[in-house]
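K.L.:
The structure's right below; bear with me while I get my questions together.
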Amino acid sequence: MSHQHHATLNGTEVSDVRIPLVGLGTWPLTGADCTKAVSQALESGYRHIDTAQNYANEDAVGQAIRESGLGRDEVFLTTKFNKESHGGESAVRQAAERALDRMGLDHLDLFLVHWPNPDQGLYVETCNSLAELVGTGLIRAWGVSNFKPGHLHKILSAGLVPPINQVQVDPLHAQRDHERANTEAGVVTAAYSPLGRGGELLQSAELSEPAERLGRTPAQIALRWHVQQNRIVLPRSANTDRQRQNLDVFDFELTKADMERIDSMDTGKGARLDADTFGH
Ligand SMILES: NC(=O)c1ccc[n+]([C@@H]2O[C@H](COP(=O)([O-])OP(=O)(O)OC[C@H]3O[C@@H](n4cnc5c(N)ncnc54)[C@H](OP(=O)(O)O)[C@@H]3O)[C@@H](O)[C@H]2O)c1
């Protein structure tokens with residue numbers, strides 16, 4: 001189903017829904033700090049915000065969007081729901097309505113199953129219920145998060161193709177098996193923790209050398225590596241300068257050699273949390 005989306009450098013299209021490639025991550029910001037971080041991001045030009053029921057900040061994110069002066073259709077908003085709402089259509093519909101109540105908004109652009117929670121055994125039914133919500137006016141698109149290739153194949157076998165799978169990806173954790181499974185199914189990959197949480201990754205020569213050559217920061221090189229592969233990225237910062245840096249990755253290019261050198265950093269290690277055993 002690779003005809004399902006068409007990706008460009010500053011946005012990717014899923015069915016009829018266009019998604020800006022850089023979205024602001026909001027975990028673990030909450031309360032007034034979160035509202036402020038989202039407000040200043042919107043002022044700097046962000047048009048895609050990522051939150052979740054589990055971050056306990058949907059209210060703060062909603063407030064920033066409501067107070068931004070932007071039209072609701074100018075901001076792409078993603079949230080995710082927890083395992084208590086897995087199951088039939090009424091459970092999932094209620095999860096969407098509750099998220100919207102917390103946000104003070106009338107629709108979501110993307111609603112994700114946050115974790116498959118295979119022990120609960122409901123994720124296939126949940127995806128089916130969620131897909132049914134598209135077109136009701138509550139959500140514009142559905143998707144999944146933390147679905148390993150095995151989970152993805154199970155829903156694909158049920159005829160359910162999620163437009164998006166949001167998983168942990170950074171140069172040290174490239175999760176190529178996940179990306180391959182997504183791509184083969186026509187599923188767009190969105191990278192969470194795209195900066196490797198800002199640790200040793202940003203100190204590496206593989207990022208700092210091209211950064212110096214191009215007059216950029218290591219974080220911009222990491223994000224450019226992602227978007228140059230048409231991957232959605234959700235970097236989180238509450239700092240205005242770093243937020244702006246993270247959005248400003250569309251007017252330079254990494255060479256094939258830069259890309260290959262960053263590719264070679266992959267440790268082959270899986271995500272921090274194993275979706276077969278962890279979930280909420
Ligand atoms: N679906 C899921 O299960 C899941 C799981 C985890 C995360 N997420 C989402 O993904 C988002 C991002 O992931 P994350 O927060 O784990 O990690 P991340 O975005 O990879 O890293 C965030 C860290 O990087 C620093 N940073 C940001 N921009 C920088 C820059 N330009 N230069 C240097 N340092 C920079 C931040 O510090 P400062 O704030 O000081 O700038 C922060 O410490 C989350 O906020 C959340 O929305 C989803």
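Residue names in the structure tokens use chain letters A, B, ... in the order shown, residue numbers from 1 in each chain, and ligand numbers from 1 in the order shown.
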Residues near A:Ala190, anyone? I mean within 6 Å using only C-alpha atoms, not counting same-chain ones fewer than 2 positions away, as JSON, numbers by chain.

P.N.:
{"A": [166, 231, 232, 233]}

K.L.:
Quick one: everything within 12 Å of A:Leu29, counting only C-alpha atoms, minus sequence neighbours fewer than 5 positions away in the same chain. Send it as a list in words.

P.N.:
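Residues near the query, excluding close chain neighbours: Leu24, Cys34, Thr35, Lys36, Ala37, Val38, Asp50, Thr51, Ala52, Asn54, Tyr55, Ala56, Asn57, Glu58, Asp59, Ala60, Val61, Arg236, Ser237, Ala238 and Asn239 of chain A.
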
K.L.:
If you count only C-alpha atoms, which residues fall within 9 Å of A:Arg93, apart from same-chain ones fewer than 5 positions away, as a ChimeraX atom specification?

P.N.:
/A:85,88,98,129-130,133,138

K.L.:
Could you pull out the residues in stretch 70-106 of chain A that DSSP calls strand (DSSP E or B) from the backbone, as an NGL selection string?

P.N.:
:A and (76-81)

K.L.:
Give me, please, the distance in Å between atom CA of A:Asp274 and atom CA of A:Tyr123, quoted to one decimal.

P.N.:
15.8 Å

K.L.:
Which residues sit within 9 Å of ligand 1, counting only C-alpha atoms and all ligand atoms, listed as a ChimeraX atom specification?

P.N.:
/A:23-29,49-52,55,80,112-115,144-146,165-170,191-199,202,217-220,233-246,273,279

K.L.:
For those residues, write C-alpha atoms to a file as a compact mmCIF listing (two decimals), in the first residue's frame.

P.N.:
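Saved to result-v5.txt:
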```
# COMPACT_ATOMS: atom_id res chain seq x y z
CA GLY A 23 6.71 18.04 15.74
CA LEU A 24 7.36 19.26 19.29
CA GLY A 25 7.65 16.46 21.85
CA THR A 26 6.06 17.42 25.18
CA TRP A 27 6.92 14.66 27.64
CA PRO A 28 7.78 15.26 30.54
CA LEU A 29 6.61 18.90 30.52
CA ILE A 49 2.60 18.94 18.64
CA ASP A 50 2.90 15.47 20.21
CA THR A 51 1.25 14.65 23.53
CA ALA A 52 -0.37 11.66 25.28
CA TYR A 55 2.01 12.63 29.94
CA LYS A 80 -2.22 8.71 22.47
CA LEU A 112 -2.43 6.64 18.57
CA VAL A 113 -2.60 3.36 20.45
CA HIS A 114 0.29 4.24 22.81
CA TRP A 115 1.51 0.67 23.49
CA VAL A 144 0.02 3.14 16.54
CA SER A 145 3.07 3.61 18.72
CA ASN A 146 5.68 1.14 19.96
CA ASN A 165 3.92 3.95 13.73
CA GLN A 166 5.68 6.14 16.31
CA VAL A 167 8.76 4.32 17.65
CA GLN A 168 12.09 5.14 19.31
CA VAL A 169 14.70 5.94 16.63
CA ASP A 170 18.03 7.75 16.81
CA ALA A 191 10.80 8.92 15.60
CA TYR A 192 10.46 9.57 19.31
CA SER A 193 13.55 10.45 21.35
CA PRO A 194 15.07 11.44 17.97
CA LEU A 195 18.02 13.13 19.71
CA GLY A 196 18.75 10.06 21.83
CA ARG A 197 17.54 12.17 24.75
CA GLY A 198 20.40 14.61 24.28
CA GLY A 199 23.15 12.45 25.83
CA LEU A 202 25.21 14.79 20.55
CA THR A 217 24.60 22.07 15.75
CA PRO A 218 24.94 18.30 16.35
CA ALA A 219 21.21 18.17 17.16
CA GLN A 220 20.42 19.71 13.76
CA VAL A 233 10.71 13.61 14.26
CA LEU A 234 9.42 14.71 17.66
CA PRO A 235 12.32 16.46 19.42
CA ARG A 236 11.50 17.90 22.81
CA SER A 237 12.90 21.12 24.22
CA ALA A 238 11.44 23.79 26.45
CA ASN A 239 14.19 26.19 25.39
CA THR A 240 13.27 28.66 22.63
CA ASP A 241 16.68 28.66 20.94
CA ARG A 242 16.86 24.89 20.85
CA GLN A 243 13.25 24.64 19.67
CA ARG A 244 14.11 26.96 16.77
CA GLN A 245 17.27 25.02 15.94
CA ASN A 246 15.28 21.80 15.85
CA LEU A 273 11.41 -0.29 26.77
CA GLY A 279 3.04 -0.79 28.33
```

K.L.:
Could you check the closest approach to A:Ser264 for each of A:Ala174, A:Val17, A:Ile65, A:Leu223 and tell me which residue wins, using only C-alpha atoms?

P.N.:
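Closest to A:Ser264 of all the choices is A:Ala174.
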
K.L.:
Can you measure atom CA of A:Tyr46 to atom CA of A:Ser204 for me? One decimal in Å is fine.

P.N.:
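According to the coordinates, atom CA of A:Tyr46 and atom CA of A:Ser204 are separated by 27.3 Å.
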
K.L.:
Which of these, A:Leu42, A:Ala64, A:Ala257, A:Leu156, has the shortest distance to A:Thr30 once you count only C-alpha atoms?

P.N.:
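Nearest to A:Thr30: A:Ala64.
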
K.L.:
Looking at only C-alpha atoms, which of A:Arg272, A:Leu21, A:Leu247, A:Arg102 is the one that sits closest to A:Ala41?

P.N.:
A:Leu247

K.L.:
Can you check which residues of stretch 56-152 of chain A DSSP gives as helix (DSSP H, G or I) on the backbone and send them as a PyMOL selection string?

P.N.:
chain A and resi 58-66+72-74+83-85+89-103+118-120+123-133+149-152

K.L.:
I want to know what sits within 9 Å of A:Glu179, based on only C-alpha atoms, with residues of the same chain fewer than 6 positions away left out; could you give that as a list of chain:residue names?

P.N.:
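So the residues in contact are A:Pro149, A:Val167, A:Val187, A:Val188, A:Thr189.
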
K.L.:
Leaving out stretch 206-213 of chain A and any residue of its chain fewer than 4 positions from it, which residues lie within 10 Å of it when counting only C-alpha atoms, given as a PyMOL selection string?

P.N.:
chain A and resi 171+201-202+217-222+225+254-255+258-265

K.L.:
Using only C-alpha atoms, which residues sit within 12 Å of A:Glu89 once same-chain residues fewer than 3 positions away are excluded, as a count of residues only?

P.N.:
19

K.L.:
Give me the residues near A:Val161 as a ChimeraX atom specification, where near means some atom within 12 Å (using only C-alpha atoms) and where sequence neighbours in that chain fewer than 3 positions away do not count.

P.N.:
/A:1-2,4-5,14-15,124,127-128,130-131,141-144,151-158,164-165,181-188
